[in-house]
Structure formats: structure tokens, C-alpha cells
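Everything below belongs to start-v4.tsv, which stores TSV, N, CA and C atoms.
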chain	number	residue	atom	x	y	z
A	112	MET	N	7.73	-19.99	-18.68
A	112	MET	CA	8.24	-18.94	-17.85
A	112	MET	C	7.31	-18.75	-16.66
A	113	SER	N	7.88	-18.78	-15.47
A	113	SER	CA	7.04	-18.60	-14.29
A	113	SER	C	6.93	-17.12	-13.96
A	114	GLY	N	5.95	-16.79	-13.14
A	114	GLY	CA	5.74	-15.40	-12.75
A	114	GLY	C	6.80	-14.94	-11.76
A	115	ILE	N	6.81	-13.67	-11.52
A	115	ILE	CA	7.74	-13.08	-10.56
A	115	ILE	C	7.31	-13.48	-9.16
A	116	GLN	N	8.27	-13.90	-8.37
A	116	GLN	CA	8.00	-14.35	-7.01
A	116	GLN	C	8.54	-13.31	-6.02
A	117	LEU	N	7.68	-12.45	-5.52
A	117	LEU	CA	8.08	-11.45	-4.54
A	117	LEU	C	7.76	-11.94	-3.14
A	118	SER	N	8.62	-11.60	-2.20
A	118	SER	CA	8.37	-11.93	-0.80
A	118	SER	C	9.10	-10.93	0.07
A	119	ASN	N	8.68	-10.84	1.32
A	119	ASN	CA	9.38	-9.99	2.27
A	119	ASN	C	10.83	-10.44	2.42
A	120	GLU	N	11.06	-11.74	2.37
A	120	GLU	CA	12.41	-12.27	2.50
A	120	GLU	C	13.30	-11.79	1.35
A	121	LEU	N	12.81	-11.86	0.13
A	121	LEU	CA	13.59	-11.40	-1.02
A	121	LEU	C	13.94	-9.93	-0.89
A	122	VAL	N	12.96	-9.11	-0.55
A	122	VAL	CA	13.19	-7.68	-0.43
A	122	VAL	C	14.19	-7.40	0.70
A	123	SER	N	14.05	-8.11	1.81
A	123	SER	CA	14.98	-7.93	2.93
A	123	SER	C	16.40	-8.28	2.54
A	124	LYS	N	16.57	-9.35	1.77
A	124	LYS	CA	17.91	-9.75	1.34
A	124	LYS	C	18.51	-8.73	0.37
A	125	LEU	N	17.69	-8.24	-0.56
A	125	LEU	CA	18.16	-7.20	-1.48
A	125	LEU	C	18.56	-5.94	-0.70
A	126	HIS	N	17.72	-5.58	0.27
A	126	HIS	CA	18.00	-4.41	1.08
A	126	HIS	C	19.33	-4.58	1.83
A	127	ALA	N	19.55	-5.76	2.38
A	127	ALA	CA	20.79	-6.04	3.12
A	127	ALA	C	22.01	-5.89	2.21
A	128	VAL	N	21.91	-6.38	0.97
A	128	VAL	CA	23.03	-6.27	0.03
A	128	VAL	C	23.33	-4.80	-0.27
A	129	VAL	N	22.29	-4.01	-0.50
A	129	VAL	CA	22.50	-2.60	-0.81
A	129	VAL	C	23.06	-1.86	0.40
A	130	VAL	N	22.57	-2.17	1.60
A	130	VAL	CA	23.08	-1.53	2.81
A	130	VAL	C	24.54	-1.92	3.04
A	131	GLU	N	24.90	-3.15	2.69
A	131	GLU	CA	26.31	-3.56	2.80
A	131	GLU	C	27.19	-2.69	1.89
A	132	HIS	N	26.65	-2.32	0.75
A	132	HIS	CA	27.36	-1.44	-0.20
A	132	HIS	C	27.37	0.01	0.29
A	133	ASP	N	26.23	0.47	0.85
A	133	ASP	CA	26.08	1.85	1.30
A	133	ASP	C	25.19	1.86	2.53
A	134	ALA	N	25.78	2.08	3.70
A	134	ALA	CA	25.03	2.05	4.96
A	134	ALA	C	23.88	3.05	4.98
A	135	GLU	N	24.01	4.14	4.23
A	135	GLU	CA	22.94	5.15	4.17
A	135	GLU	C	21.66	4.58	3.55
A	136	ALA	N	21.79	3.51	2.79
A	136	ALA	CA	20.64	2.89	2.13
A	136	ALA	C	19.75	2.16	3.12
A	137	ASN	N	20.08	2.23	4.40
A	137	ASN	CA	19.17	1.70	5.41
A	137	ASN	C	17.86	2.48	5.37
A	138	ASN	N	17.95	3.72	4.90
A	138	ASN	CA	16.77	4.54	4.65
A	138	ASN	C	16.06	3.96	3.43
A	139	GLU	N	14.80	3.57	3.61
A	139	GLU	CA	14.08	2.88	2.52
A	139	GLU	C	13.90	3.74	1.27
A	140	MET	N	13.82	5.05	1.43
A	140	MET	CA	13.68	5.90	0.25
A	140	MET	C	14.96	5.85	-0.59
A	141	LEU	N	16.12	5.87	0.06
A	141	LEU	CA	17.37	5.75	-0.66
A	141	LEU	C	17.51	4.35	-1.26
A	142	PHE	N	17.07	3.34	-0.53
A	142	PHE	CA	17.08	1.96	-1.04
A	142	PHE	C	16.28	1.87	-2.34
A	143	MET	N	15.11	2.50	-2.38
A	143	MET	CA	14.31	2.48	-3.61
A	143	MET	C	15.02	3.20	-4.75
A	144	GLN	N	15.75	4.26	-4.43
A	144	GLN	CA	16.51	4.95	-5.46
A	144	GLN	C	17.60	4.04	-6.02
A	145	TYR	N	18.24	3.25	-5.15
A	145	TYR	CA	19.23	2.29	-5.63
A	145	TYR	C	18.59	1.27	-6.57
A	146	LEU	N	17.43	0.74	-6.19
A	146	LEU	CA	16.76	-0.25	-7.05
A	146	LEU	C	16.45	0.35	-8.41
A	147	THR	N	15.98	1.58	-8.42
A	147	THR	CA	15.66	2.26	-9.67
A	147	THR	C	16.92	2.51	-10.50
A	148	ALA	N	17.99	2.95	-9.82
A	148	ALA	CA	19.25	3.21	-10.52
A	148	ALA	C	19.82	1.92	-11.12
A	149	VAL	N	19.71	0.82	-10.41
A	149	VAL	CA	20.20	-0.46	-10.93
A	149	VAL	C	19.42	-0.84	-12.19
A	150	THR	N	18.12	-0.62	-12.18
A	150	THR	CA	17.31	-0.91	-13.36
A	150	THR	C	17.78	-0.07	-14.54
A	151	GLY	N	17.99	1.22	-14.33
A	151	GLY	CA	18.49	2.09	-15.39
A	151	GLY	C	19.87	1.66	-15.88
A	152	PHE	N	20.73	1.26	-14.96
A	152	PHE	CA	22.08	0.81	-15.29
A	152	PHE	C	22.04	-0.44	-16.17
A	153	VAL	N	21.22	-1.42	-15.77
A	153	VAL	CA	21.10	-2.65	-16.55
A	153	VAL	C	20.49	-2.36	-17.92
A	154	LEU	N	19.45	-1.53	-17.96
A	154	LEU	CA	18.80	-1.20	-19.22
A	154	LEU	C	19.75	-0.48	-20.17
A	155	ALA	N	20.59	0.39	-19.63
A	155	ALA	CA	21.54	1.12	-20.47
A	155	ALA	C	22.50	0.19	-21.21
A	156	HIS	N	22.74	-0.98	-20.66
A	156	HIS	CA	23.67	-1.93	-21.27
A	156	HIS	C	22.99	-2.91	-22.24
A	157	GLN	N	21.68	-2.80	-22.40
A	157	GLN	CA	20.96	-3.70	-23.31
A	157	GLN	C	21.18	-3.26	-24.75
A	158	LYS	N	21.42	-4.23	-25.62
A	158	LYS	CA	21.73	-3.93	-27.02
A	158	LYS	C	20.77	-4.61	-28.00
A	159	GLN	N	19.62	-5.08	-27.53
A	159	GLN	CA	18.68	-5.76	-28.43
A	159	GLN	C	18.21	-4.81	-29.52
A	160	PRO	N	18.28	-5.25	-30.77
A	160	PRO	CA	17.80	-4.41	-31.87
A	160	PRO	C	16.30	-4.11	-31.70
A	161	GLY	N	15.93	-2.89	-31.93
A	161	GLY	CA	14.52	-2.51	-31.87
A	161	GLY	C	13.99	-2.25	-30.47
A	162	LEU	N	14.82	-2.40	-29.46
A	162	LEU	CA	14.36	-2.16	-28.10
A	162	LEU	C	14.21	-0.66	-27.88
A	163	ASP	N	12.99	-0.25	-27.58
A	163	ASP	CA	12.71	1.15	-27.26
A	163	ASP	C	12.87	1.29	-25.75
A	164	LYS	N	14.04	1.75	-25.35
A	164	LYS	CA	14.36	1.79	-23.92
A	164	LYS	C	13.43	2.71	-23.15
A	165	GLN	N	13.07	3.85	-23.73
A	165	GLN	CA	12.17	4.76	-23.02
A	165	GLN	C	10.79	4.13	-22.85
A	166	GLU	N	10.32	3.44	-23.87
A	166	GLU	CA	9.03	2.75	-23.77
A	166	GLU	C	9.09	1.67	-22.69
A	167	PHE	N	10.22	0.97	-22.61
A	167	PHE	CA	10.40	-0.06	-21.59
A	167	PHE	C	10.39	0.57	-20.19
A	168	VAL	N	11.03	1.72	-20.04
A	168	VAL	CA	11.00	2.44	-18.75
A	168	VAL	C	9.56	2.78	-18.39
A	169	ASN	N	8.80	3.25	-19.36
A	169	ASN	CA	7.39	3.59	-19.12
A	169	ASN	C	6.60	2.35	-18.70
A	170	ASP	N	6.85	1.22	-19.38
A	170	ASP	CA	6.18	-0.03	-19.02
A	170	ASP	C	6.54	-0.45	-17.60
A	171	LEU	N	7.81	-0.32	-17.25
A	171	LEU	CA	8.24	-0.68	-15.90
A	171	LEU	C	7.58	0.20	-14.85
A	172	ALA	N	7.44	1.48	-15.14
A	172	ALA	CA	6.78	2.39	-14.20
A	172	ALA	C	5.33	1.97	-13.98
A	173	GLY	N	4.65	1.60	-15.06
A	173	GLY	CA	3.28	1.12	-14.93
A	173	GLY	C	3.19	-0.18	-14.14
A	174	PHE	N	4.14	-1.07	-14.39
A	174	PHE	CA	4.18	-2.35	-13.67
A	174	PHE	C	4.43	-2.11	-12.18
A	175	MET	N	5.33	-1.20	-11.88
A	175	MET	CA	5.62	-0.87	-10.48
A	175	MET	C	4.35	-0.37	-9.79
A	176	GLY	N	3.58	0.46	-10.47
A	176	GLY	CA	2.33	0.95	-9.91
A	176	GLY	C	1.34	-0.18	-9.67
A	177	GLN	N	1.26	-1.12	-10.59
A	177	GLN	CA	0.35	-2.27	-10.42
A	177	GLN	C	0.74	-3.08	-9.19
A	178	VAL	N	2.03	-3.34	-9.04
A	178	VAL	CA	2.51	-4.11	-7.88
A	178	VAL	C	2.19	-3.37	-6.59
A	179	MET	N	2.45	-2.06	-6.57
A	179	MET	CA	2.17	-1.26	-5.37
A	179	MET	C	0.69	-1.35	-4.99
A	180	ARG	N	-0.19	-1.17	-5.97
A	180	ARG	CA	-1.63	-1.22	-5.69
A	180	ARG	C	-2.06	-2.60	-5.21
A	181	GLN	N	-1.51	-3.64	-5.82
A	181	GLN	CA	-1.88	-4.99	-5.41
A	181	GLN	C	-1.41	-5.29	-3.99
A	182	VAL	N	-0.17	-4.93	-3.67
A	182	VAL	CA	0.36	-5.19	-2.32
A	182	VAL	C	-0.43	-4.37	-1.29
A	183	GLU	N	-0.73	-3.11	-1.61
A	183	GLU	CA	-1.53	-2.30	-0.69
A	183	GLU	C	-2.91	-2.93	-0.48
A	184	GLY	N	-3.52	-3.39	-1.57
A	184	GLY	CA	-4.84	-4.02	-1.46
A	184	GLY	C	-4.80	-5.31	-0.68
A	185	ASP	N	-3.73	-6.08	-0.87
A	185	ASP	CA	-3.60	-7.35	-0.16
A	185	ASP	C	-3.38	-7.15	1.33
A	186	SER	N	-2.83	-5.99	1.70
A	186	SER	CA	-2.52	-5.76	3.11
A	186	SER	C	-3.66	-5.06	3.85
A	187	GLN	N	-4.72	-4.67	3.12
A	187	GLN	CA	-5.87	-4.05	3.77
A	187	GLN	C	-6.66	-5.11	4.53
A	188	PRO	N	-7.06	-4.80	5.75
A	188	PRO	CA	-7.86	-5.78	6.49
A	188	PRO	C	-9.20	-6.00	5.78
A	189	GLN	N	-9.56	-7.23	5.67
A	189	GLN	CA	-10.82	-7.58	5.03
A	189	GLN	C	-11.93	-7.68	6.07
A	190	ALA	N	-13.06	-7.08	5.76
A	190	ALA	CA	-14.20	-7.16	6.67
A	190	ALA	C	-14.69	-8.61	6.67
A	191	PRO	N	-15.00	-9.13	7.85
A	191	PRO	CA	-15.50	-10.51	7.89
A	191	PRO	C	-16.83	-10.62	7.17
A	192	GLN	N	-16.98	-11.69	6.44
A	192	GLN	CA	-18.24	-11.90	5.73
A	192	GLN	C	-19.26	-12.47	6.70
A	193	GLU	N	-20.42	-11.87	6.68
A	193	GLU	CA	-21.49	-12.33	7.56
A	193	GLU	C	-22.46	-13.18	6.76
A	194	GLY	N	-22.92	-14.22	7.38
A	194	GLY	CA	-23.90	-15.08	6.73
A	194	GLY	C	-25.25	-14.38	6.70
A	195	ALA	N	-26.03	-14.70	5.72
A	195	ALA	CA	-27.37	-14.12	5.61
A	195	ALA	C	-28.30	-14.79	6.63
A	196	PHE	N	-29.17	-13.99	7.16
A	196	PHE	CA	-30.15	-14.56	8.10
A	196	PHE	C	-31.41	-13.72	8.04
A	197	GLY	N	-32.48	-14.26	8.56
A	197	GLY	CA	-33.75	-13.53	8.58
A	197	GLY	C	-34.77	-14.22	7.69
A	198	ILE	N	-35.92	-13.66	7.69
A	198	ILE	CA	-37.01	-14.21	6.90
A	198	ILE	C	-37.48	-13.14	5.95
A	199	TRP	N	-37.57	-13.49	4.70
A	199	TRP	CA	-38.03	-12.56	3.68
A	199	TRP	C	-39.53	-12.73	3.52
A	200	LYS	N	-40.22	-11.60	3.51
A	200	LYS	CA	-41.67	-11.63	3.30
A	200	LYS	C	-41.99	-10.70	2.15
A	201	PRO	N	-42.72	-11.18	1.16
A	201	PRO	CA	-43.08	-10.31	0.06
A	201	PRO	C	-44.00	-9.18	0.55
A	202	GLU	N	-43.89	-8.03	-0.09
A	202	GLU	CA	-44.74	-6.90	0.30
A	202	GLU	C	-46.04	-6.92	-0.40

What would you get if you wrote out this structure as C-alpha cells?
Amino acid sequence: MSGIQLSNELVSKLHAVVVEHDAEANNEMLFMQYLTAVTGFVLAHQKQPGLDKQEFVNDLAGFMGQVMRQVEGDSQPQAPQEGAFGIWKPE
């Protein structure tokens, strides 16, 4: 199983599909509500024995937070690394 492949292109295409369904979803906050509602809708239809749906929702919320923090961290400008220079003299 490969990892999840997120990209700006994927998100843009998903956003376009939702906006095609509801033009008001051009607002990103409403778009996120649609994504969340779709997840709840799909989860409601799952029938696996022993599946704790509320626990799964909690896991998804944690995963969403991890993705948010990683993307925010990846988009922070990195300070350029400076090479060491100078002469060290013992005291």
C-alpha cells in the first residue's frame, strides 16, 4: 500500500468538482465543510464488524491536524545554512 499523495493539483480538482455542485463552495471554508461532510457520509455507510466509527472520526481529526502542521512547516521559509568559519583558540 502506498502513502497518500497530496498535491495542489489534486486539491484544486476536488475543489472544482465541489464548486460545480455548489458555486458557493468557492469559499474555501465551505469547501472544507463539504470535504468533512463527505467523510461523514462515507463513514455512515460503512458496515465492517467491530468498526468504532466515533474512534475512526477521532483518528481522522488527529490525522488532519498532522497534515496541517506538516504542510505549514513545509511552507515556512528556511533560513539559509551558513558555513562555519573562523579560528578556534583554546582559553

*Among the residues of chain A, find those DSSP assigns to alpha helix (DSSP H) from the backbone and print them as number ranges by chain.*
A: 119-132, 139-155, 164-186

_Show me the residues close to (15.6, -0.6, 1.4) - anything with an atom within 7 Å, counting all atoms listed in the file - and format the list as a PyMOL selection string._
chain A and resi 122+125-127+136-143

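Across the model, the gap from atom CA of Thr150 of chain A to atom CA of Leu171 of chain A is 9.4 Å.
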
*Between atom N of Asp133 of chain A and atom C of Lys164 of chain A, what is the distance, to one decimal in Å?*
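Rounded to one decimal, the two atoms are 27.3 Å apart.
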
_Point-to-point distance in Å for atom C of Gln144 of chain A and atom C of Glu131 of chain A_ =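 Spanning atom C of Glu131 of chain A to atom C of Gln144 of chain A is a straight-line distance of 14.1 Å.
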